[in-house]
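Listing of structure_31.cif, mmCIF, C-alpha atoms and all ligand atoms
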```cif
data_data
loop_
_atom_site.label_atom_id
_atom_site.label_comp_id
_atom_site.auth_asym_id
_atom_site.auth_seq_id
_atom_site.Cartn_x
_atom_site.Cartn_y
_atom_site.Cartn_z
CA MET D 1 -12.13 -7.94 86.69
CA THR D 2 -9.78 -5.12 87.57
CA LEU D 3 -7.93 -5.40 90.88
CA ILE D 4 -8.03 -2.17 92.84
CA LEU D 5 -4.62 -1.76 94.50
CA LYS D 6 -4.33 0.63 97.42
CA ASN D 7 -1.50 -0.12 99.80
CA MET D 8 2.00 0.02 98.42
CA ILE D 9 4.68 -2.06 100.12
CA HIS D 10 7.72 -0.49 98.48
CA HIS D 11 8.84 0.50 95.05
CA GLY D 12 12.07 0.25 93.13
CA ARG D 13 13.12 2.19 90.05
CA VAL D 14 11.01 0.11 87.71
CA ARG D 15 8.10 -1.32 89.67
CA ALA D 16 5.89 -0.75 92.66
CA CYS D 17 4.78 -3.64 94.84
CA TYR D 18 1.31 -3.61 96.44
CA TYR D 19 -0.56 -5.78 98.89
CA HIS D 20 -3.12 -7.92 97.10
CA PRO D 21 -6.52 -6.45 98.03
CA ASP D 22 -8.21 -9.84 98.59
CA ASN D 23 -5.46 -12.30 99.49
CA PRO D 24 -3.02 -11.62 102.36
CA GLN D 25 -0.56 -14.18 101.01
CA LEU D 26 0.00 -12.42 97.72
CA CYS D 27 1.44 -9.20 96.40
CA VAL D 28 1.04 -7.46 93.04
CA LYS D 29 3.83 -5.76 91.10
CA VAL D 30 3.06 -3.06 88.58
CA ALA D 31 5.46 -1.27 86.25
CA LEU D 32 5.88 2.44 86.95
CA GLN D 33 6.12 3.01 83.19
CA LYS D 34 4.09 1.10 80.63
CA LYS D 35 7.15 0.32 78.53
CA HIS D 36 8.35 -1.97 81.31
CA ASN D 37 5.28 -4.20 81.28
CA LYS D 38 7.16 -6.84 79.30
CA LEU D 39 9.46 -7.36 82.27
CA LEU D 40 6.50 -8.67 84.26
CA GLN D 41 5.89 -11.50 81.82
CA LYS D 42 9.59 -12.37 81.90
CA GLU D 43 9.42 -13.38 85.55
CA ILE D 44 6.45 -15.65 84.90
CA ASP D 45 8.27 -17.23 81.95
CA ASN D 46 11.29 -17.95 84.13
CA ASN D 47 9.27 -19.16 87.12
CA GLU D 48 9.81 -22.85 86.53
CA LEU D 49 13.53 -22.43 85.92
CA PHE D 50 13.87 -20.43 89.14
CA GLN D 51 11.90 -22.97 91.17
CA LYS D 52 14.19 -25.72 89.91
CA THR D 53 17.52 -23.97 90.36
CA LEU D 54 17.04 -21.38 93.10
CA SER D 55 14.27 -23.13 95.04
CA SER D 56 13.66 -21.45 98.38
CA TYR D 57 15.54 -18.27 97.45
CA VAL D 58 12.83 -17.02 95.11
CA THR D 59 9.11 -16.39 95.21
CA ARG D 60 6.57 -17.91 92.86
CA TYR D 61 5.17 -15.80 90.06
CA TYR D 62 1.62 -16.62 89.04
CA GLU D 63 -0.21 -14.56 86.48
CA LEU D 64 -0.78 -11.15 84.97
CA VAL D 65 -4.00 -9.34 85.86
CA PRO D 66 -5.45 -5.92 85.06
CA THR D 67 -5.25 -3.43 87.94
CA ASN D 68 -6.04 0.24 88.46
CA TYR D 69 -2.31 0.89 87.85
CA GLY D 70 -2.09 -1.15 84.67
CA LEU D 71 -0.89 -4.70 84.25
CA GLY D 72 -0.10 -6.44 87.56
CA LEU D 73 2.10 -9.46 88.32
CA ILE D 74 0.85 -11.70 91.13
CA SER D 75 3.51 -13.18 93.40
CA ASP D 76 3.87 -14.60 96.90
CA LEU D 77 4.05 -11.98 99.61
CA ILE D 78 7.01 -12.58 101.90
CA THR D 79 5.96 -12.36 105.55
CA ASP D 80 7.47 -13.47 108.84
CA THR D 81 6.07 -16.29 110.92
CA PRO D 82 4.43 -16.44 113.32
CA THR D 83 3.87 -12.65 113.37
CA ASN D 84 2.49 -12.46 109.82
CA THR D 85 4.19 -9.10 109.34
CA LEU D 86 5.98 -8.05 106.18
CA SER D 87 9.53 -9.39 106.06
CA LEU D 88 12.27 -6.78 106.14
CA ARG D 89 14.36 -5.80 103.18
CA LEU D 90 18.05 -6.56 103.80
CA ARG D 91 18.49 -2.78 103.91
CA ASP D 92 16.10 -2.43 106.89
CA TRP D 93 17.23 -5.64 108.52
CA LEU D 94 20.82 -4.29 108.57
CA LYS D 95 19.69 -1.11 110.31
CA ILE D 96 18.71 -3.31 113.25
CA HIS D 97 21.23 -6.15 113.10
CA LYS D 98 24.18 -4.16 111.68
CA SER D 99 25.78 -7.03 109.79
CA ILE D 100 24.86 -10.15 107.84
CA SER D 101 24.72 -13.01 110.34
CA PRO D 102 26.55 -16.30 109.66
CA GLU D 103 23.20 -18.00 109.11
CA LEU D 104 22.43 -15.57 106.31
CA GLN D 105 26.00 -15.61 104.99
CA GLU D 106 25.67 -19.32 104.43
CA GLN D 107 22.52 -18.77 102.37
CA PHE D 108 24.08 -15.96 100.37
CA GLN D 109 27.01 -18.19 99.53
CA ASP D 110 24.74 -21.01 98.42
CA PHE D 111 22.56 -18.61 96.45
CA PHE D 112 25.52 -17.10 94.57
CA LYS D 113 26.96 -20.56 93.96
CA ARG D 114 23.70 -21.60 92.33
CA LEU D 115 23.69 -18.54 90.08
CA LEU D 116 27.15 -19.50 88.82
CA LYS D 117 26.36 -23.20 88.54
CA TYR D 118 23.18 -22.70 86.53
CA LYS D 119 24.54 -19.74 84.57
CA LEU D 120 21.84 -17.40 85.77
CA TRP D 121 23.40 -14.04 85.11
CA PHE D 122 22.10 -11.42 87.53
CA TYR D 123 23.80 -8.14 88.29
CA ASP D 124 21.46 -6.47 90.74
CA PHE D 125 22.36 -7.51 94.27
CA ASN D 126 21.29 -4.40 96.12
CA ASN D 127 19.86 -4.40 99.63
CA GLU D 128 16.33 -3.76 98.42
CA ASN D 129 16.17 -6.87 96.27
CA PHE D 130 16.81 -9.27 99.16
CA LEU D 131 14.30 -9.88 101.92
CA VAL D 132 15.09 -11.55 105.22
CA GLN D 133 12.16 -13.71 106.20
CA LYS D 134 11.90 -14.79 109.82
CA GLN D 135 10.51 -18.29 110.15
CA GLY D 136 10.26 -18.86 113.87
CA ASP D 137 13.88 -18.73 115.03
CA LYS D 138 15.26 -19.35 111.55
CA LEU D 139 16.01 -16.89 108.78
CA ARG D 140 15.33 -17.35 105.09
CA LEU D 141 16.98 -15.27 102.41
CA VAL D 142 14.66 -14.35 99.52
CA PHE D 143 15.66 -12.67 96.26
CA VAL D 144 12.50 -10.84 95.15
CA ASP D 145 13.67 -9.10 91.99
CA THR D 146 14.51 -11.45 89.15
CA LYS D 147 13.61 -9.20 86.23
CA SER D 148 17.20 -8.63 85.12
CA LEU D 149 18.07 -12.24 84.34
CA ASN D 150 20.39 -12.66 81.38
CA ARG D 151 20.77 -16.03 79.80
CA ASN D 152 22.96 -16.93 76.89
CA ASN D 153 21.10 -19.99 75.68
CA SER D 154 19.63 -18.09 72.74
CA TRP D 155 23.08 -17.14 71.41
CA SER D 156 23.51 -20.20 69.30
CA PHE D 157 25.34 -18.61 66.41
CA PHE D 158 28.99 -17.89 65.55
CA LYS D 159 31.41 -18.21 68.38
CA LEU D 160 29.65 -15.64 70.48
CA GLU D 161 28.36 -18.39 72.70
CA TYR D 162 31.93 -19.01 73.80
CA ILE D 163 32.68 -15.39 74.44
CA ILE D 164 29.51 -14.07 75.98
CA PRO D 165 29.17 -16.59 78.82
CA THR D 166 32.69 -15.80 79.94
CA LEU D 167 31.97 -12.10 79.95
CA ALA D 168 28.67 -12.60 81.74
CA LYS D 169 30.37 -14.74 84.34
CA ILE D 170 33.16 -12.26 84.90
CA ARG D 171 30.65 -9.44 85.24
CA MET D 172 28.48 -11.31 87.72
CA LYS D 173 31.47 -12.41 89.77
CA ARG D 174 32.55 -8.81 89.99
CA ARG D 175 29.11 -7.86 91.32
CA ILE D 176 29.20 -10.71 93.82
CA HIS D 177 32.64 -9.63 95.04
CA ARG D 178 31.38 -6.08 95.34
CA PHE D 179 28.46 -7.34 97.43
CA TYR D 180 30.92 -8.90 99.89
CA LYS D 181 33.04 -5.79 99.96
CA VAL D 182 30.08 -3.50 100.66
CA HIS D 183 29.11 -5.74 103.56
CA HIS D 184 32.70 -5.91 104.91
CA LEU D 185 32.92 -9.64 104.39
CA GLY D 186 35.58 -11.77 102.78
CA VAL D 187 34.66 -13.52 99.54
CA PRO D 188 34.20 -17.27 100.20
CA ASN D 189 36.71 -19.40 98.27
CA SER D 190 33.95 -21.09 96.31
CA LEU D 191 32.98 -17.73 94.79
CA LYS D 192 36.44 -16.45 93.88
N1 LIG K 201 7.30 -10.92 97.01
C1 LIG K 201 7.49 -9.81 97.73
N2 LIG K 201 7.12 -9.75 99.04
C2 LIG K 201 7.33 -8.62 99.76
N3 LIG K 201 7.86 -7.47 99.26
C3 LIG K 201 8.25 -7.48 97.97
C4 LIG K 201 8.08 -8.62 97.13
N4 LIG K 201 8.55 -8.33 95.90
C5 LIG K 201 8.98 -7.05 95.96
N5 LIG K 201 8.81 -6.53 97.20
C6 LIG K 201 9.17 -5.16 97.62
O1 LIG K 201 8.94 -4.26 96.56
C7 LIG K 201 10.16 -3.60 96.20
C8 LIG K 201 10.17 -3.36 94.71
O2 LIG K 201 10.12 -4.59 94.00
P1 LIG K 201 11.18 -4.90 92.85
O3 LIG K 201 10.69 -6.10 92.14
O4 LIG K 201 12.56 -4.95 93.41
O5 LIG K 201 11.01 -3.60 91.93
P2 LIG K 201 12.06 -2.95 90.90
O6 LIG K 201 11.95 -3.79 89.68
O7 LIG K 201 11.57 -1.56 90.69
O8 LIG K 201 13.42 -2.97 91.52
C9 LIG K 201 11.27 -4.51 96.72
O9 LIG K 201 12.44 -3.78 97.00
C10 LIG K 201 10.65 -5.10 97.97
O10 LIG K 201 10.81 -4.20 99.06
MG MG K 202 14.39 -4.19 92.76
#
```

Using the file provided, produce a representation of the structure as structure tokens.
Ligand SMILES: Nc1ncnc2c1ncn2[C@@H]1O[C@H](COP(=O)(O)OP(=O)(O)O)[C@@H](O)[C@H]1O
Ligand SMILES: [Mg+2]
Amino acid sequence: MTLILKNMIHHGRVRACYYHPDNPQLCVKVALQKKHNKLLQKEIDNNELFQKTLSSYVTRYYELVPTNYGLGLISDLITDTPTNTLSLRLRDWLKIHKSISPELQEQFQDFFKRLLKYKLWFYDFNNENFLVQKQGDKLRLVFVDTKSLNRNNSWSFFKLEYIIPTLAKIRMKRRIHRFYKVHHLGVPNSLK
């Protein structure tokens, strides 16, 4: 059965995210261009790894389904409690709160530490890829765009495996440091 998607939440450069037409707890991501469909499967393939290493910082990815906009990836919709309204992107949250609160800073630090610890090379830390979910009087940081994961575990030949991880690490650290700079925050010692 084809899902008929109507209401878009937001879109990035690669995908658009829609409300699931039948289930208020889910959303559906579709690629804006067909050639990017393979990226949808990638998030499902990495789901288990993410759940194990990044736990509460990521959403669950379920399955691929046909939709009126092509292949769709089903994922958890991030909403605030108890209001049940869509959680804000960091970008919109900052328009209201102006800076990243200590409560969120702590979660960012832990999130980045996990990326380094588990060698999950991501480079896309923009303000649209993080959501700030209100859970009563607590905040939860959620990274909703995991399509760009690079892993080096398939590089098992020559000495590349010794070189590439170092480069990947250096590159990601640079992006993390840039994130702190953009937000006018000092880089925590554990991430230097
Ligand atoms: N699970 C989700 N819950 C709520 N909104 C989401 C969710 N996933 C993505 N979005 C929204 O959709 C936008 C686009 O999704 P994203 O996966 O970042 O697309 P792209 O690959 O084009 O960057 C995000 O910036 C975010 O605002
Ligand atoms: Mg994105």

**OP:** Can you pull out every residue within 10 Å of segment 171-185 of chain D, counting all atoms listed in the file, but drop anything in the same chain fewer than 2 positions away, and send it as an NGL selection string?
**Re:** :D and (94 or 98-100 or 105 or 108-109 or 112 or 115-116 or 119-127 or 165-169 or 187-188 or 191-192)

Store the residues of this selection in a file with C-alpha atoms, as a CSV table (one decimal), in the frame of the given file.
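As written to disk, part10.csv reads:
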```
chain,number,residue,atom,x,y,z
D,94,LEU,CA,20.8,-4.3,108.6
D,98,LYS,CA,24.2,-4.2,111.7
D,99,SER,CA,25.8,-7.0,109.8
D,100,ILE,CA,24.9,-10.2,107.8
D,105,GLN,CA,26.0,-15.6,105.0
D,108,PHE,CA,24.1,-16.0,100.4
D,109,GLN,CA,27.0,-18.2,99.5
D,112,PHE,CA,25.5,-17.1,94.6
D,115,LEU,CA,23.7,-18.5,90.1
D,116,LEU,CA,27.2,-19.5,88.8
D,119,LYS,CA,24.5,-19.7,84.6
D,120,LEU,CA,21.8,-17.4,85.8
D,121,TRP,CA,23.4,-14.0,85.1
D,122,PHE,CA,22.1,-11.4,87.5
D,123,TYR,CA,23.8,-8.1,88.3
D,124,ASP,CA,21.5,-6.5,90.7
D,125,PHE,CA,22.4,-7.5,94.3
D,126,ASN,CA,21.3,-4.4,96.1
D,127,ASN,CA,19.9,-4.4,99.6
D,165,PRO,CA,29.2,-16.6,78.8
D,166,THR,CA,32.7,-15.8,79.9
D,167,LEU,CA,32.0,-12.1,80.0
D,168,ALA,CA,28.7,-12.6,81.7
D,169,LYS,CA,30.4,-14.7,84.3
D,187,VAL,CA,34.7,-13.5,99.5
D,188,PRO,CA,34.2,-17.3,100.2
D,191,LEU,CA,33.0,-17.7,94.8
D,192,LYS,CA,36.4,-16.4,93.9
```

Subject >> Option closest in space to ligand LIG 201 (chain K), from D:Arg60, D:Lys38, D:His10, D:Arg91 [counting all atoms listed in the file] >> reply: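 For ligand LIG 201 (chain K), the nearest of the candidates is D:His10.
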
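Between atom CA of Arg140 of chain D and atom CA of Leu5 of chain D lies a distance of 27.4 Å.
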
**OP:** Quick one: everything within 10 Å of Asp76 of chain D, counting only C-alpha atoms, minus sequence neighbours fewer than 6 positions away in the same chain. Send it as a ChimeraX atom specification.
**Re:** /D:20,23-28,58-62,144

**OP:** Name each residue within 8 Å of ligand MG 202 (chain K), counting only C-alpha atoms and all ligand atoms, as a ChimeraX atom specification.
**Re:** /D:11-15,124,126,128-129,144-145

Subject >> Distance criterion (only C-alpha atoms and all ligand atoms): nearest to ligand LIG 201 (chain K) out of D:Thr83, D:Asn7, D:Ser148, D:Ser56 >> reply: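 Using only C-alpha atoms and all ligand atoms, ligand LIG 201 (chain K) sits closest to D:Ser148.
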
Subject >> Between atom CA of Tyr69 of chain D and atom CA of Arg89 of chain D, distance in Å (one decimal) >> reply: 23.6 Å

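Take the candidates D:Thr79, D:Ile4, D:Lys35, D:Ile96 and check each one against ligand LIG 201 (chain K) using all atoms listed in the file; the shortest distance goes to D:Thr79.
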
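Restricting the calculation to only C-alpha atoms and all ligand atoms, the smallest distance between ligand LIG 201 (chain K) and any of D:Met8, D:Leu49, D:Leu104, D:Ile170 is found for D:Met8.
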
Listed atoms of segment 58-62 of chain D boxed axis-aligned with 6 Å per side, centre + edges as lines of an AutoDock Vina configuration file:
```
center_x = 7.2
center_y = -16.9
center_z = 92.1
size_x = 23.2
size_y = 14.1
size_z = 18.2
```

Original post:
Pick the closest to ligand LIG 201 (chain K) from D:Lys95, D:Lys117, D:Lys6, D:His36: which is it, counting only C-alpha atoms and all ligand atoms?
Top reply: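 Looking only at the distances to ligand LIG 201 (chain K), the closest residue turns out to be D:His36.
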
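Straight-line separation from atom C4 of ligand LIG 201 (chain K) to atom CA of Leu90 of chain D: 12.2 Å.
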